[in-house]
>>> print(open('my_file-v5.txt').read())   # compact mmCIF, C-alpha atoms and all ligand atoms
# COMPACT_ATOMS: atom_id res chain seq x y z
CA MET A 11 21.82 -10.97 -13.19
CA SER A 12 19.44 -10.21 -10.31
CA ALA A 13 16.94 -7.34 -10.60
CA ALA A 14 17.71 -4.07 -8.79
CA PRO A 15 15.50 -3.41 -5.75
CA LEU A 16 12.57 -1.06 -6.35
CA LEU A 17 12.71 -0.01 -2.71
CA GLU A 18 15.19 -0.34 0.11
CA ALA A 19 15.13 0.70 3.75
CA ARG A 20 18.49 0.65 5.47
CA ALA A 21 18.72 0.49 9.27
CA LEU A 22 15.41 2.33 9.47
CA ALA A 23 13.88 3.39 12.80
CA LEU A 24 10.86 5.67 13.37
CA GLN A 25 9.93 7.85 16.30
CA VAL A 26 6.87 10.05 16.85
CA GLY A 27 7.14 12.38 19.81
CA GLU A 28 8.86 10.44 22.58
CA ARG A 29 7.70 7.07 21.29
CA TRP A 30 9.67 4.69 19.05
CA LEU A 31 7.29 3.03 16.59
CA CYS A 32 9.91 0.65 15.27
CA CYS A 33 13.47 -0.18 16.16
CA GLU A 34 16.11 -0.58 13.44
CA PHE A 35 15.36 -2.91 10.58
CA SER A 36 16.14 -3.16 6.88
CA LEU A 37 14.17 -4.31 3.86
CA GLN A 38 14.55 -4.80 0.14
CA LEU A 39 11.68 -5.09 -2.30
CA LEU A 40 12.38 -6.59 -5.71
CA PRO A 41 10.18 -6.45 -8.81
CA GLY A 42 7.51 -9.14 -8.49
CA GLN A 43 7.34 -9.01 -4.70
CA CYS A 44 4.49 -8.13 -2.38
CA LEU A 45 5.28 -6.88 1.13
CA VAL A 46 2.50 -6.59 3.72
CA LEU A 47 2.70 -4.35 6.81
CA LEU A 48 0.75 -5.75 9.75
CA GLY A 49 0.22 -4.69 13.33
CA PRO A 50 -2.31 -3.40 15.84
CA ASN A 51 -3.96 0.05 15.69
CA GLY A 52 -1.47 2.84 16.24
CA ALA A 53 1.55 0.54 15.77
CA GLY A 54 2.96 2.75 13.01
CA LYS A 55 1.98 1.05 9.73
CA THR A 56 0.80 4.25 8.02
CA THR A 57 3.79 6.18 9.36
CA LEU A 58 6.10 3.50 7.97
CA LEU A 59 4.28 3.42 4.61
CA HIS A 60 4.51 7.22 4.33
CA THR A 61 8.22 7.05 5.15
CA LEU A 62 8.72 4.45 2.42
CA ALA A 63 6.72 6.73 0.09
CA GLY A 64 9.12 9.60 0.82
CA LEU A 65 6.43 11.73 2.47
CA ARG A 66 8.33 11.93 5.76
CA GLU A 67 11.95 11.53 6.77
CA PRO A 68 13.01 8.45 8.75
CA THR A 69 14.19 9.24 12.27
CA VAL A 70 17.18 6.95 11.71
CA GLY A 71 18.44 5.28 8.54
CA SER A 72 17.58 5.82 4.92
CA VAL A 73 15.07 4.93 2.22
CA LEU A 74 16.15 4.34 -1.38
CA LEU A 75 13.67 4.39 -4.26
CA GLY A 76 15.08 2.61 -7.29
CA GLY A 77 18.54 2.88 -5.73
CA LEU A 78 18.38 6.65 -5.08
CA PRO A 79 17.38 8.66 -2.00
CA TYR A 80 14.18 10.67 -2.51
CA ALA A 81 16.27 13.83 -2.57
CA GLY A 82 17.73 12.59 -5.87
CA TRP A 83 14.28 12.36 -7.52
CA SER A 84 12.20 15.19 -8.95
CA PRO A 85 8.63 15.05 -7.58
CA ALA A 86 7.23 14.20 -11.04
CA ALA A 87 9.77 11.42 -11.68
CA ALA A 88 9.15 9.95 -8.22
CA ALA A 89 5.38 10.06 -8.91
CA ARG A 90 5.90 8.10 -12.14
CA PHE A 91 7.96 5.50 -10.25
CA ARG A 92 5.93 5.07 -7.07
CA GLY A 93 2.27 5.68 -6.29
CA LEU A 94 0.41 5.80 -2.98
CA LEU A 95 -3.16 4.79 -2.24
CA ALA A 96 -3.97 6.79 0.90
CA GLN A 97 -6.14 5.51 3.73
CA GLN A 98 -8.80 8.21 3.17
CA GLN A 99 -9.90 9.78 -0.10
CA PRO A 100 -10.54 13.50 0.48
CA ASP A 101 -13.28 14.82 -1.84
CA HIS A 102 -13.79 18.52 -1.32
CA PHE A 103 -15.45 19.30 -4.65
CA SER A 104 -17.76 17.65 -7.14
CA SER A 105 -15.99 15.98 -10.03
CA THR A 106 -16.75 13.02 -12.24
CA VAL A 107 -15.35 9.57 -11.63
CA LEU A 108 -13.38 9.82 -14.88
CA GLU A 109 -11.83 13.19 -13.89
CA THR A 110 -10.87 11.72 -10.51
CA VAL A 111 -9.10 8.79 -12.16
CA LEU A 112 -7.38 11.14 -14.63
CA VAL A 113 -5.61 12.78 -11.67
CA GLY A 114 -3.49 9.61 -11.68
CA ARG A 115 -2.17 10.65 -15.12
CA HIS A 116 -0.80 14.02 -13.92
CA PRO A 117 2.82 12.86 -13.42
CA HIS A 118 2.80 11.73 -17.08
CA LEU A 119 1.39 14.89 -18.66
CA GLY A 120 3.45 17.14 -20.88
CA ARG A 121 4.50 20.72 -20.32
CA TRP A 122 1.00 22.22 -20.66
CA GLY A 123 -0.57 19.68 -18.33
CA TRP A 124 -3.39 18.70 -20.69
CA GLU A 125 -4.75 15.19 -20.71
CA GLY A 126 -4.98 13.64 -24.18
CA PRO A 127 -7.02 10.79 -25.68
CA GLU A 128 -4.39 8.25 -24.57
CA ASP A 129 -4.70 9.41 -20.94
CA GLU A 130 -8.48 9.07 -21.18
CA ARG A 131 -8.15 5.60 -22.70
CA ILE A 132 -5.86 4.53 -19.83
CA ALA A 133 -8.24 6.00 -17.23
CA ARG A 134 -11.27 4.28 -18.78
CA GLU A 135 -9.40 0.98 -18.91
CA ALA A 136 -8.47 1.37 -15.22
CA LEU A 137 -12.16 1.93 -14.39
CA GLU A 138 -13.08 -1.22 -16.30
CA ARG A 139 -10.50 -3.18 -14.31
CA VAL A 140 -12.12 -2.23 -10.99
CA GLY A 141 -15.65 -2.90 -12.33
CA LEU A 142 -16.68 0.76 -12.63
CA GLY A 143 -16.63 1.25 -16.40
CA ALA A 144 -20.29 2.27 -16.41
CA MET A 145 -19.81 4.98 -13.78
CA ALA A 146 -17.36 7.30 -15.58
CA THR A 147 -19.74 10.27 -15.63
CA ARG A 148 -21.03 9.93 -12.06
CA ASP A 149 -20.13 12.57 -9.45
CA VAL A 150 -17.63 11.06 -6.97
CA LEU A 151 -19.59 12.65 -4.11
CA THR A 152 -22.51 10.30 -4.90
CA LEU A 153 -20.49 7.07 -4.67
CA SER A 154 -20.71 4.49 -1.90
CA GLY A 155 -17.63 3.92 0.26
CA GLY A 156 -16.62 0.78 -1.63
CA GLU A 157 -17.18 2.40 -5.04
CA ARG A 158 -15.07 5.41 -3.98
CA GLN A 159 -12.29 3.08 -2.84
CA ARG A 160 -12.29 1.33 -6.23
CA VAL A 161 -12.08 4.72 -7.97
CA ALA A 162 -8.96 5.43 -5.88
CA VAL A 163 -7.48 2.09 -6.94
CA ALA A 164 -8.31 2.96 -10.58
CA ALA A 165 -6.46 6.30 -10.20
CA LEU A 166 -3.41 4.40 -8.95
CA LEU A 167 -3.67 1.96 -11.89
CA ALA A 168 -3.85 4.94 -14.27
CA GLN A 169 -0.72 6.38 -12.63
CA ALA A 170 0.98 3.07 -13.54
CA PRO A 171 3.91 3.26 -11.12
CA GLN A 172 6.59 0.57 -10.81
CA LEU A 173 6.06 0.53 -7.05
CA LEU A 174 2.59 0.58 -5.50
CA LEU A 175 2.19 1.60 -1.86
CA LEU A 176 -1.31 0.96 -0.55
CA ASP A 177 -2.77 1.86 2.84
CA GLU A 178 -5.58 -0.57 3.63
CA PRO A 179 -6.66 -1.14 0.00
CA THR A 180 -9.57 -3.33 1.18
CA ASN A 181 -11.15 -0.45 3.16
CA HIS A 182 -14.92 -0.39 2.53
CA LEU A 183 -14.74 -3.35 0.12
CA ASP A 184 -17.09 -6.31 0.33
CA LEU A 185 -15.74 -9.85 0.24
CA HIS A 186 -15.96 -10.15 -3.55
CA TYR A 187 -14.08 -6.91 -4.16
CA GLN A 188 -11.51 -7.56 -1.40
CA ILE A 189 -10.40 -10.63 -3.33
CA ALA A 190 -10.87 -9.06 -6.78
CA ILE A 191 -8.81 -5.95 -5.94
CA LEU A 192 -6.08 -7.89 -4.11
CA ASP A 193 -5.92 -10.38 -7.02
CA LEU A 194 -5.52 -7.40 -9.36
CA ILE A 195 -2.73 -5.93 -7.20
CA ARG A 196 -1.06 -9.32 -6.88
CA GLY A 197 -1.26 -9.64 -10.67
CA LEU A 198 0.62 -6.34 -11.05
CA ALA A 199 3.38 -7.76 -8.84
CA ALA A 200 3.42 -10.97 -10.90
CA ALA A 201 3.94 -8.77 -13.98
CA GLY A 202 7.05 -7.21 -12.41
CA ARG A 203 5.84 -4.30 -10.28
CA GLY A 204 6.49 -4.07 -6.55
CA VAL A 205 3.78 -3.83 -3.91
CA VAL A 206 3.83 -2.68 -0.29
CA MET A 207 0.47 -2.69 1.46
CA VAL A 208 -0.96 -2.20 4.90
CA LEU A 209 -3.57 -4.84 5.71
CA HIS A 210 -5.57 -5.47 8.85
CA ASP A 211 -6.69 -8.94 7.90
CA ILE A 212 -4.05 -11.54 8.80
CA ASN A 213 -5.69 -14.10 6.52
CA LEU A 214 -5.47 -11.80 3.51
CA ALA A 215 -1.83 -11.18 4.42
CA ALA A 216 -1.29 -14.97 4.46
CA ARG A 217 -2.91 -15.19 1.03
CA TYR A 218 -1.08 -12.36 -0.74
CA ALA A 219 2.25 -11.56 0.99
CA ASP A 220 5.72 -12.73 0.02
CA GLN A 221 7.28 -10.72 2.83
CA VAL A 222 5.70 -9.39 6.02
CA ILE A 223 6.70 -6.67 8.46
CA LEU A 224 4.90 -7.09 11.75
CA LEU A 225 4.97 -4.09 14.10
CA ASP A 226 4.02 -4.95 17.67
CA GLY A 227 3.07 -1.44 18.80
CA ARG A 228 5.86 -1.36 21.38
CA GLY A 229 8.71 -0.63 18.98
CA GLY A 230 9.35 -4.27 18.11
CA VAL A 231 9.62 -5.29 14.46
CA CYS A 232 9.53 -8.75 12.97
CA ALA A 233 10.51 -8.67 9.29
CA GLY A 234 10.91 -11.67 7.03
CA SER A 235 9.23 -14.06 4.66
CA ARG A 236 5.52 -14.87 5.06
CA GLU A 237 6.40 -18.21 6.67
CA GLU A 238 8.87 -16.66 9.09
CA VAL A 239 6.56 -13.91 10.34
CA LEU A 240 3.05 -15.36 10.12
CA GLN A 241 3.28 -17.60 13.16
CA ALA A 242 0.44 -17.82 15.65
CA GLY A 243 2.72 -17.01 18.59
CA LEU A 244 4.27 -13.89 17.04
CA LEU A 245 0.90 -12.62 15.78
CA GLY A 246 -0.82 -13.29 19.09
CA GLU A 247 1.91 -11.36 20.94
CA ALA A 248 1.69 -8.39 18.58
CA PHE A 249 -2.11 -8.18 18.48
CA GLY A 250 -2.59 -8.99 22.15
CA HIS A 251 -4.91 -11.91 21.45
CA PRO A 252 -4.11 -15.61 21.07
CA LEU A 253 -4.55 -17.12 17.61
CA ARG A 254 -4.64 -20.61 16.23
CA ARG A 255 -3.30 -21.54 12.79
CA PHE A 256 -5.04 -23.90 10.39
CA ASP A 257 -3.70 -25.10 7.04
CA VAL A 258 -6.48 -26.29 4.73
CA ASP A 259 -6.09 -27.16 1.05
CA GLY A 260 -2.90 -25.13 0.78
CA ARG A 261 -4.36 -22.02 2.46
CA THR A 262 -3.25 -20.74 5.84
CA THR A 263 -5.88 -19.32 8.17
CA PHE A 264 -5.58 -17.83 11.63
CA ILE A 265 -8.58 -17.93 13.96
CA PRO A 266 -8.75 -15.93 17.19
CA GLU A 267 -9.08 -18.15 20.30
N1 LIG B 1 2.33 13.92 14.37
C1 LIG B 1 2.13 13.05 15.34
N2 LIG B 1 2.28 13.39 16.64
C2 LIG B 1 2.08 12.49 17.62
N3 LIG B 1 1.74 11.23 17.41
C3 LIG B 1 1.59 10.84 16.15
C4 LIG B 1 1.78 11.70 15.04
N4 LIG B 1 1.55 11.01 13.91
C5 LIG B 1 1.24 9.76 14.29
N5 LIG B 1 1.25 9.66 15.62
C6 LIG B 1 0.96 8.46 16.42
O1 LIG B 1 1.84 7.45 15.92
C7 LIG B 1 1.19 6.19 16.06
C8 LIG B 1 1.25 5.47 14.75
O2 LIG B 1 0.27 5.97 13.86
P1 LIG B 1 -0.05 5.24 12.49
O3 LIG B 1 -1.16 6.00 11.82
O4 LIG B 1 1.21 5.08 11.75
O5 LIG B 1 -0.55 3.83 13.01
P2 LIG B 1 -1.22 2.61 12.23
O6 LIG B 1 -0.47 1.39 12.62
O7 LIG B 1 -1.33 2.92 10.78
O8 LIG B 1 -2.66 2.59 12.90
P3 LIG B 1 -4.13 2.14 12.41
O9 LIG B 1 -4.12 0.65 12.32
O10 LIG B 1 -5.00 2.60 13.55
O11 LIG B 1 -4.44 2.83 11.12
C9 LIG B 1 -0.22 6.47 16.57
O12 LIG B 1 -0.25 6.23 17.97
C10 LIG B 1 -0.43 7.93 16.26
O13 LIG B 1 -1.33 8.52 17.18
>>> encode(input="my_file-v5.txt", output="structure tokens")
Amino acid sequence: MSAAPLLEARALALQVGERWLCCEFSLQLLPGQCLVLLGPNGAGKTTLLHTLAGLREPTVGSVLLGGLPYAGWSPAAAARFRGLLAQQQPDHFSSTVLETVLVGRHPHLGRWGWEGPEDERIAREALERVGLGAMATRDVLTLSGGERQRVAVAALLAQAPQLLLLDEPTNHLDLHYQIAILDLIRGLAAAGRGVVMVLHDINLAARYADQVILLDGRGGVCAGSREEVLQAGLLGEAFGHPLRRFDVDGRTTFIPE
């Protein structure tokens, strides 16, 4: 028996103002799969990710989370099933790193909304996984950009959703942590979760994606397997710059001409 899709988009199309960001396309994400959204600035990647997260309505078509439209989910149940790493982390007030990660536990809390020792254990473990175990008591306002990004990833790990939606998870990360965090996310997919992420780096997309959706910024969409979509010609057209593909030791790399 095949697994039920974690996420489906049926005949989806998105418009902002007068402009169509993407013409009709469909997708299915199964447990274990990693889908990468690619495209130039302003093409509509974040808008698409937010639509898949149920934060905005599609202009045309429908989105199903675990087989149900978002309207069929309570907010808390949806937050236990899917989690979003936003592009920016808004910090308006001082709070510790541990408290910030514990926010990820909120969909799981009982009636009184109090975090217990198990929530704290999960949050501390998530901090360890992103290499920040020693920073639990630090004020988030004192963190570097890359440290703050890893705290946001830890909050998503603590939330422990089936489906992870990530907007530029490598934002602010150095080379070591780009690979470490994407390996971690890829590992969650390998363990049966689903992943949809916006990436800017085509080479990281080639390394981590099973499926790719390439938006060209003019309403065009190319959706398919990594091999189908990551072609120098298609990428060059979408990004407005010619690319050359190299395959070395089993890794695919694209270099701008
Ligand atoms: N409420 C809105 N009103 C008008 N235009 C909007 C609105 N929201 C988004 N847009 C426009 O829609 C387009 C898509 O935005 P989006 O943030 O989805 O792009 P993106 O592909 O994620 O870009 P980037 O790579 O720069 O992060 C942009 O041109 C943006 O200015």
>>> residues_around(input="my_file-v5.txt", residues="Gly204 of chain A", least_positions_apart="2", cutoff="7 Å", atoms="all atoms listed in the file", output="ChimeraX atom specification")
/A:16,39-44,172-174,199,202,206
>>> residues_near_ligand(input="my_file-v5.txt", ligand="ligand LIG 1 (chain B)", cutoff="6 Å", atoms="only C-alpha atoms and all ligand atoms", output="mmCIF file with C-alpha atoms, in the coordinates of the input")
data_model
loop_
_atom_site.group_PDB
_atom_site.id
_atom_site.type_symbol
_atom_site.label_atom_id
_atom_site.label_comp_id
_atom_site.auth_asym_id
_atom_site.auth_seq_id
_atom_site.Cartn_x
_atom_site.Cartn_y
_atom_site.Cartn_z
ATOM 1 C CA VAL A 26 6.870 10.050 16.850
ATOM 2 C CA GLY A 27 7.140 12.380 19.810
ATOM 3 C CA PRO A 50 -2.310 -3.400 15.840
ATOM 4 C CA ASN A 51 -3.960 0.050 15.690
ATOM 5 C CA GLY A 52 -1.470 2.840 16.240
ATOM 6 C CA ALA A 53 1.550 0.540 15.770
ATOM 7 C CA GLY A 54 2.960 2.750 13.010
ATOM 8 C CA LYS A 55 1.980 1.050 9.730
ATOM 9 C CA THR A 56 0.800 4.250 8.020
ATOM 10 C CA THR A 57 3.790 6.180 9.360
#
>>> atom_distance(input="my_file-v5.txt", atom1="atom CA of Glu18 of chain A", atom2="atom CA of Ala170 of chain A")
20.0 Å
>>> closest_atom_pairs(input="my_file-v5.txt", of="segment 103-201 of chain A", to="segment 88-94 of chain A", cutoff="10 Å", atoms="all atoms listed in the file", output="Markdown table")
| residue | atom | partner | partner_atom | distance |
| --- | --- | --- | --- | --- |
| A:Gly114 | CA | A:Gly93 | CA | 8.8 |
| A:Arg115 | CA | A:Arg90 | CA | 9.0 |
| A:His116 | CA | A:Ala89 | CA | 8.9 |
| A:Pro117 | CA | A:Arg90 | CA | 5.8 |
| A:His118 | CA | A:Arg90 | CA | 6.9 |
| A:Ala162 | CA | A:Leu94 | CA | 9.8 |
| A:Val163 | CA | A:Leu94 | CA | 9.6 |
| A:Ala165 | CA | A:Gly93 | CA | 9.6 |
| A:Leu166 | CA | A:Gly93 | CA | 6.4 |
| A:Leu167 | CA | A:Gly93 | CA | 9.0 |
| A:Gln169 | CA | A:Arg90 | CA | 6.9 |
| A:Ala170 | CA | A:Arg90 | CA | 7.2 |
| A:Pro171 | CA | A:Phe91 | CA | 4.7 |
| A:Gln172 | CA | A:Phe91 | CA | 5.1 |
| A:Leu173 | CA | A:Arg92 | CA | 4.5 |
| A:Leu174 | CA | A:Gly93 | CA | 5.2 |
| A:Leu175 | CA | A:Leu94 | CA | 4.7 |
| A:Leu176 | CA | A:Leu94 | CA | 5.7 |
| A:Asp177 | CA | A:Leu94 | CA | 7.7 |
>>> closest_residue(input="my_file-v5.txt", among="A:Trp30, A:Asp184, A:Asp257, A:Glu128", to="Asp226 of chain A", atoms="all atoms listed in the file")
A:Trp30
>>> residues_around(input="my_file-v5.txt", residues="His210 of chain A", least_positions_apart="6", cutoff="9 Å", atoms="all atoms listed in the file", output="PyMOL selection string")
chain A and resi 47-51+178+180
>>> atom_distance(input="my_file-v5.txt", atom1="atom CA of Val231 of chain A", atom2="atom CA of Gln25 of chain A")
13.3 Å
>>> closest_residue(input="my_file-v5.txt", among="A:Ala233, A:Met207, A:Ala136, A:Ile191", to="Ala63 of chain A", atoms="all atoms listed in the file")
A:Met207
>>> build_atoms(input="my_file-v5.txt", residues="segment 68-84 of chain A", atoms="N, CA and C atoms", output="short mmCIF file (atom, residue, chain, number, x, y, z; two decimals), in the frame of the given file")
data_model
loop_
_atom_site.label_atom_id
_atom_site.label_comp_id
_atom_site.auth_asym_id
_atom_site.auth_seq_id
_atom_site.Cartn_x
_atom_site.Cartn_y
_atom_site.Cartn_z
N PRO A 68 12.82 9.40 7.64
CA PRO A 68 13.01 8.45 8.75
C PRO A 68 13.75 9.13 9.90
N THR A 69 13.47 8.69 11.11
CA THR A 69 14.19 9.24 12.27
C THR A 69 15.65 8.80 12.20
N VAL A 70 15.85 7.53 11.85
CA VAL A 70 17.18 6.95 11.71
C VAL A 70 17.18 6.15 10.42
N GLY A 71 18.30 6.12 9.72
CA GLY A 71 18.44 5.28 8.54
C GLY A 71 18.01 5.99 7.27
N SER A 72 17.88 5.21 6.21
CA SER A 72 17.58 5.82 4.92
C SER A 72 16.64 4.94 4.09
N VAL A 73 15.97 5.61 3.15
CA VAL A 73 15.07 4.93 2.22
C VAL A 73 15.58 5.22 0.81
N LEU A 74 15.71 4.18 0.01
CA LEU A 74 16.15 4.34 -1.38
C LEU A 74 15.05 3.86 -2.31
N LEU A 75 14.66 4.73 -3.23
CA LEU A 75 13.67 4.39 -4.26
C LEU A 75 14.44 4.13 -5.55
N GLY A 76 14.33 2.94 -6.08
CA GLY A 76 15.08 2.61 -7.29
C GLY A 76 16.56 2.91 -7.16
N GLY A 77 17.11 2.70 -5.95
CA GLY A 77 18.54 2.88 -5.73
C GLY A 77 18.97 4.29 -5.36
N LEU A 78 18.03 5.25 -5.37
CA LEU A 78 18.38 6.65 -5.08
C LEU A 78 17.59 7.15 -3.88
N PRO A 79 18.18 8.01 -3.04
CA PRO A 79 17.38 8.66 -2.00
C PRO A 79 16.33 9.57 -2.65
N TYR A 80 15.24 9.82 -1.94
CA TYR A 80 14.18 10.67 -2.51
C TYR A 80 14.70 12.03 -2.93
N ALA A 81 15.71 12.52 -2.22
CA ALA A 81 16.27 13.83 -2.57
C ALA A 81 16.84 13.84 -3.99
N GLY A 82 17.18 12.68 -4.52
CA GLY A 82 17.73 12.59 -5.87
C GLY A 82 16.66 12.49 -6.95
N TRP A 83 15.39 12.47 -6.56
CA TRP A 83 14.28 12.36 -7.52
C TRP A 83 13.57 13.70 -7.63
N SER A 84 13.13 14.07 -8.84
CA SER A 84 12.20 15.19 -8.95
C SER A 84 10.84 14.66 -8.51
#
